[in-house]
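K.L.:
Have a look at this one before I ask anything.
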Amino acid sequence: QVQLVESGGGSVQPGESLRLSCARSRSIYGVNSMAWYRQAPGKQREFVAGITHGANFKYADFVEGRFTISRDINWNTVNLQMNNLKPEDTAVYYCSANIRGATIWGQGTQVTVSS
């Protein structure tokens with residue numbers, strides 16, 4: 001079974017940037033979409049950004065133009081560029097892929113924004 005592995009998390013100060021990456025363990029066929037979600041302590045997991053096979057992009061309202069999702073043509077990696085980070089962006093960020101109707105998840109990467 002294909003696995004998704006996130007990287008790029010860390011601790012930064014407000015206003016700084018991070019770039020998260022999601023790599024697949026082997027070739028993926030039939031990808032409908034990939035997305036980033038996040039889960040803060042004590043809160044439900046929420047959608048952050050997504051990209052479809054047809055290159056349609058969607059972002060959560062709280063992104064407010066600060067984040068950009070991108071992927072390579074073969075879905076080898078999906079990235080999330082996060083700029084102007086805020087303390088409320090602190091969470092575990094998860095990569096997900098919808099493959100022929102089934103959703104798989106990565107293990108998550110921690111992002112902490114604190115002064």
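A note on labels: chains of the structure tokens are A, B, ... as shown, every chain counts residues from 1, and ligands are counted from 1 in their shown order.
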Excluding same-chain residues fewer than 2 positions from Gly101 in chain A, what lies within 10 Å of it counting only C-alpha atoms, as a list in words?
P.N.:
Gly30, Val31, Asn32, Ser33, Ala97, Asn98, Ile99, Thr103 and Ile104 of chain A
K.L.:
Export N, CA, C and O atoms of the chosen residues as a compact mmCIF listing (two decimals), in the first residue's frame?
P.N.:
# COMPACT_ATOMS: atom_id res chain seq x y z
N GLY A 30 -4.24 6.87 -10.46
CA GLY A 30 -5.63 7.13 -10.14
C GLY A 30 -5.84 8.17 -9.07
O GLY A 30 -6.84 8.14 -8.35
N VAL A 31 -4.91 9.11 -8.94
CA VAL A 31 -5.06 10.16 -7.93
C VAL A 31 -6.11 11.15 -8.39
O VAL A 31 -6.00 11.74 -9.46
N ASN A 32 -7.11 11.35 -7.58
CA ASN A 32 -8.14 12.35 -7.87
C ASN A 32 -7.74 13.72 -7.32
O ASN A 32 -7.99 14.75 -7.94
N SER A 33 -7.18 13.71 -6.13
CA SER A 33 -6.79 14.96 -5.50
C SER A 33 -5.85 14.68 -4.35
O SER A 33 -5.76 13.55 -3.84
N ALA A 97 -4.34 11.89 0.32
CA ALA A 97 -4.52 11.64 -1.10
C ALA A 97 -5.81 10.87 -1.31
O ALA A 97 -6.08 9.92 -0.58
N ASN A 98 -6.59 11.30 -2.27
CA ASN A 98 -7.79 10.58 -2.66
C ASN A 98 -7.47 9.79 -3.92
O ASN A 98 -7.21 10.40 -4.98
N ILE A 99 -7.43 8.48 -3.79
CA ILE A 99 -7.03 7.61 -4.89
C ILE A 99 -8.22 6.72 -5.23
O ILE A 99 -8.59 5.84 -4.46
N THR A 103 -9.31 7.47 0.61
CA THR A 103 -8.41 8.49 1.15
C THR A 103 -7.36 7.85 2.04
O THR A 103 -7.68 7.03 2.90
N ILE A 104 -6.11 8.21 1.79
CA ILE A 104 -5.03 7.77 2.66
C ILE A 104 -4.38 9.00 3.28
O ILE A 104 -4.46 10.11 2.74
K.L.:
Can you tell me which residues surround range 1-10 of chain A at a distance of at most 10 Å, considering only C-alpha atoms, apart from same-chain residues fewer than 4 positions away, and format the answer as a VMD selection string?
P.N.:
chain A and resid 18 to 28 76 to 81 90 to 97 104 to 113
K.L.:
Those same residues - N, CA, C and O atoms - I'd like them written as a compact mmCIF listing (two decimals), in the first residue's frame.
P.N.:
# COMPACT_ATOMS: atom_id res chain seq x y z
N LEU A 18 7.44 28.45 6.35
CA LEU A 18 7.82 27.05 6.30
C LEU A 18 7.30 26.45 5.00
O LEU A 18 6.27 26.90 4.48
N ARG A 19 7.99 25.44 4.55
CA ARG A 19 7.55 24.72 3.35
C ARG A 19 7.42 23.24 3.71
O ARG A 19 8.41 22.59 4.03
N LEU A 20 6.20 22.75 3.66
CA LEU A 20 5.94 21.35 3.95
C LEU A 20 5.95 20.55 2.65
O LEU A 20 5.50 21.06 1.60
N SER A 21 6.45 19.34 2.73
CA SER A 21 6.46 18.46 1.57
C SER A 21 5.82 17.13 1.92
O SER A 21 5.92 16.65 3.06
N CYS A 22 5.18 16.55 0.95
CA CYS A 22 4.55 15.23 1.11
C CYS A 22 5.03 14.36 -0.04
O CYS A 22 4.80 14.70 -1.21
N ALA A 23 5.70 13.28 0.28
CA ALA A 23 6.23 12.37 -0.73
C ALA A 23 5.55 11.02 -0.62
O ALA A 23 5.24 10.54 0.48
N ARG A 24 5.36 10.39 -1.76
CA ARG A 24 4.73 9.08 -1.74
C ARG A 24 5.80 8.00 -1.77
O ARG A 24 6.90 8.21 -2.27
N SER A 25 5.46 6.83 -1.21
CA SER A 25 6.44 5.77 -1.08
C SER A 25 6.65 5.00 -2.37
O SER A 25 7.67 4.35 -2.55
N ARG A 26 5.68 5.06 -3.26
CA ARG A 26 5.81 4.41 -4.56
C ARG A 26 4.86 5.10 -5.52
O ARG A 26 4.13 6.01 -5.15
N SER A 27 4.91 4.69 -6.75
CA SER A 27 4.07 5.33 -7.76
C SER A 27 2.59 5.23 -7.39
O SER A 27 2.15 4.21 -6.87
N ILE A 28 1.91 6.30 -7.66
CA ILE A 28 0.47 6.36 -7.39
C ILE A 28 -0.26 6.54 -8.71
O ILE A 28 0.09 7.42 -9.49
N ASN A 76 4.52 13.06 -7.46
CA ASN A 76 5.59 12.54 -6.61
C ASN A 76 5.63 13.28 -5.28
O ASN A 76 5.89 12.70 -4.23
N THR A 77 5.44 14.57 -5.34
CA THR A 77 5.42 15.38 -4.13
C THR A 77 4.32 16.43 -4.22
O THR A 77 3.99 16.92 -5.30
N VAL A 78 3.78 16.75 -3.08
CA VAL A 78 2.84 17.84 -2.95
C VAL A 78 3.37 18.74 -1.84
O VAL A 78 3.70 18.26 -0.75
N ASN A 79 3.49 20.00 -2.13
CA ASN A 79 4.10 20.94 -1.20
C ASN A 79 3.09 21.97 -0.69
O ASN A 79 2.10 22.26 -1.37
N LEU A 80 3.37 22.47 0.47
CA LEU A 80 2.56 23.56 1.02
C LEU A 80 3.52 24.64 1.50
O LEU A 80 4.22 24.46 2.51
N GLN A 81 3.57 25.73 0.77
CA GLN A 81 4.38 26.87 1.15
C GLN A 81 3.55 27.74 2.07
O GLN A 81 2.48 28.21 1.69
N THR A 90 -0.37 26.93 14.56
CA THR A 90 0.26 25.82 15.26
C THR A 90 -0.64 24.60 15.24
O THR A 90 -1.80 24.66 15.65
N ALA A 91 -0.11 23.49 14.72
CA ALA A 91 -0.89 22.26 14.59
C ALA A 91 0.00 21.17 14.01
O ALA A 91 1.12 21.43 13.57
N VAL A 92 -0.55 19.96 14.00
CA VAL A 92 0.06 18.88 13.22
C VAL A 92 -0.56 18.94 11.84
O VAL A 92 -1.80 18.96 11.71
N TYR A 93 0.26 18.98 10.83
CA TYR A 93 -0.21 19.08 9.44
C TYR A 93 -0.11 17.71 8.79
O TYR A 93 0.93 17.05 8.85
N TYR A 94 -1.20 17.32 8.15
CA TYR A 94 -1.31 16.01 7.53
C TYR A 94 -1.51 16.14 6.02
O TYR A 94 -2.29 16.98 5.56
N CYS A 95 -0.85 15.28 5.30
CA CYS A 95 -1.06 15.16 3.87
C CYS A 95 -2.07 14.04 3.61
O CYS A 95 -2.06 13.03 4.32
N SER A 96 -2.93 14.25 2.62
CA SER A 96 -3.88 13.19 2.28
C SER A 96 -3.97 13.08 0.77
O SER A 96 -3.72 14.04 0.04
N ALA A 97 -4.34 11.89 0.32
CA ALA A 97 -4.52 11.64 -1.10
C ALA A 97 -5.81 10.87 -1.31
O ALA A 97 -6.08 9.92 -0.58
N ILE A 104 -6.11 8.21 1.79
CA ILE A 104 -5.03 7.77 2.66
C ILE A 104 -4.38 9.00 3.28
O ILE A 104 -4.46 10.11 2.74
N TRP A 105 -3.72 8.80 4.43
CA TRP A 105 -3.14 9.88 5.20
C TRP A 105 -1.69 9.62 5.52
O TRP A 105 -1.27 8.46 5.68
N GLY A 106 -0.94 10.69 5.66
CA GLY A 106 0.41 10.59 6.17
C GLY A 106 0.38 10.61 7.69
O GLY A 106 -0.68 10.72 8.31
N GLN A 107 1.57 10.57 8.28
CA GLN A 107 1.66 10.49 9.75
C GLN A 107 1.65 11.86 10.40
O GLN A 107 1.47 11.97 11.61
N GLY A 108 1.82 12.90 9.62
CA GLY A 108 1.76 14.26 10.14
C GLY A 108 3.12 14.84 10.46
O GLY A 108 4.07 14.12 10.75
N THR A 109 3.18 16.17 10.42
CA THR A 109 4.39 16.88 10.79
C THR A 109 3.99 18.09 11.63
O THR A 109 3.04 18.80 11.30
N GLN A 110 4.72 18.32 12.70
CA GLN A 110 4.36 19.37 13.65
C GLN A 110 4.85 20.73 13.18
O GLN A 110 6.01 20.89 12.79
N VAL A 111 3.96 21.70 13.24
CA VAL A 111 4.30 23.10 12.98
C VAL A 111 3.96 23.90 14.23
O VAL A 111 2.83 23.85 14.71
N THR A 112 4.95 24.59 14.76
CA THR A 112 4.76 25.40 15.94
C THR A 112 5.17 26.84 15.64
O THR A 112 6.30 27.08 15.20
N VAL A 113 4.26 27.76 15.88
CA VAL A 113 4.53 29.18 15.64
C VAL A 113 4.42 29.89 16.98
O VAL A 113 3.34 29.98 17.56
K.L.:
As number ranges by chain, which residues of range 41-97 of chain A does DSSP assign to strand (DSSP E or B)?
P.N.:
A: 46-52, 57-59, 67-71, 77-82, 91-97
K.L.:
Using DSSP on the backbone coordinates, identify all residues within range 33-95 of chain A classified as helix (DSSP H, G or I); present the result as a list in words.
P.N.:
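Selection result, helix (DSSP H, G or I) within range 33-95 of chain A: Asp61, Phe62, Val63, Pro87, Glu88 and Asp89 of chain A.
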K.L.:
Using only C-alpha atoms, which of the listed residues (A:Asp89, A:Ala35, A:Ala40, A:Gln13) sits closest to Arg71 in chain A?
P.N.:
A:Ala35
K.L.:
Report as an MDAnalysis selection string all protein, DNA and RNA residues lying within 10 Å of Phe62 in chain A, evaluated on only C-alpha atoms, omitting residues in the same chain fewer than 3 positions from it.
P.N.:
chainID A and resid 48 59 65:67 88:89
K.L.:
With C-alpha atoms retained, could you export that selection as a JSON list (two decimals), in the first residue's frame?
P.N.:
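The result, stored in out-v6.json:
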[["chain", "number", "residue", "atom", "x", "y", "z"],
["A", 48, "VAL", "CA", -6.14, 23.67, 4.76],
["A", 59, "TYR", "CA", -7.96, 26.95, 0.21],
["A", 65, "GLY", "CA", -3.49, 34.16, 0.65],
["A", 66, "ARG", "CA", -0.60, 33.14, 2.92],
["A", 67, "PHE", "CA", -0.30, 29.49, 1.80],
["A", 88, "GLU", "CA", -2.95, 30.05, 15.47],
["A", 89, "ASP", "CA", -1.36, 28.06, 12.64]]
K.L.:
Between CA of Pro14 in chain A and CA of Lys86 in chain A, measure the distance and give it in Å to one decimal.
P.N.:
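Computing it gives 5.0 Å between the two atoms.
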K.L.:
For each of A:Gly54, A:Arg45, A:Val63, A:Ala102, take the minimum atom-to-atom distance to Asn83 in chain A, counting only C-alpha atoms, then give the residue where this is smallest.
P.N.:
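Going through A:Gly54, A:Arg45, A:Val63, A:Ala102 one by one, the smallest distance to Asn83 in chain A is for A:Val63.
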K.L.:
Give me the residues within 8 Å of Ile51 in chain A as a PDB file with N, CA, C and O atoms, in the first residue's frame, counting only C-alpha atoms and dropping any in the same chain fewer than 6 places off.
P.N.:
ATOM      1  N   SER A  33      -7.175  13.711  -6.127  1.00  0.00           N
ATOM      2  CA  SER A  33      -6.789  14.964  -5.503  1.00  0.00           C
ATOM      3  C   SER A  33      -5.846  14.683  -4.347  1.00  0.00           C
ATOM      4  O   SER A  33      -5.762  13.552  -3.840  1.00  0.00           O
ATOM      5  N   MET A  34      -5.135  15.708  -3.937  1.00  0.00           N
ATOM      6  CA  MET A  34      -4.325  15.641  -2.726  1.00  0.00           C
ATOM      7  C   MET A  34      -4.559  16.917  -1.949  1.00  0.00           C
ATOM      8  O   MET A  34      -4.924  17.956  -2.520  1.00  0.00           O
ATOM      9  N   ALA A  35      -4.375  16.822  -0.654  1.00  0.00           N
ATOM     10  CA  ALA A  35      -4.708  17.974   0.183  1.00  0.00           C
ATOM     11  C   ALA A  35      -3.874  17.969   1.451  1.00  0.00           C
ATOM     12  O   ALA A  35      -3.264  16.957   1.815  1.00  0.00           O
ATOM     13  N   PHE A  57      -7.531  24.451  -7.519  1.00  0.00           N
ATOM     14  CA  PHE A  57      -7.004  24.706  -6.193  1.00  0.00           C
ATOM     15  C   PHE A  57      -8.109  25.185  -5.271  1.00  0.00           C
ATOM     16  O   PHE A  57      -9.036  25.881  -5.694  1.00  0.00           O
ATOM     17  N   LYS A  58      -7.994  24.811  -4.008  1.00  0.00           N
ATOM     18  CA  LYS A  58      -8.947  25.276  -3.014  1.00  0.00           C
ATOM     19  C   LYS A  58      -8.205  25.519  -1.713  1.00  0.00           C
ATOM     20  O   LYS A  58      -7.331  24.751  -1.344  1.00  0.00           O
ATOM     21  N   ILE A  69      -0.376  25.755  -2.319  1.00  0.00           N
ATOM     22  CA  ILE A  69      -0.187  24.321  -2.532  1.00  0.00           C
ATOM     23  C   ILE A  69       0.287  24.094  -3.949  1.00  0.00           C
ATOM     24  O   ILE A  69      -0.151  24.780  -4.878  1.00  0.00           O
ATOM     25  N   SER A  70       1.171  23.128  -4.130  1.00  0.00           N
ATOM     26  CA  SER A  70       1.687  22.821  -5.459  1.00  0.00           C
ATOM     27  C   SER A  70       2.041  21.344  -5.522  1.00  0.00           C
ATOM     28  O   SER A  70       2.194  20.685  -4.487  1.00  0.00           O
TER      29      SER A  70
END
K.L.:
Between A:Asn56, A:Arg100, A:Pro41, A:Met82, which residue has the minimum interatomic distance to Gly15 in chain A, considering only C-alpha atoms?
P.N.:
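Checking each of A:Asn56, A:Arg100, A:Pro41, A:Met82 against Gly15 in chain A, counting only C-alpha atoms, the winner is A:Met82.
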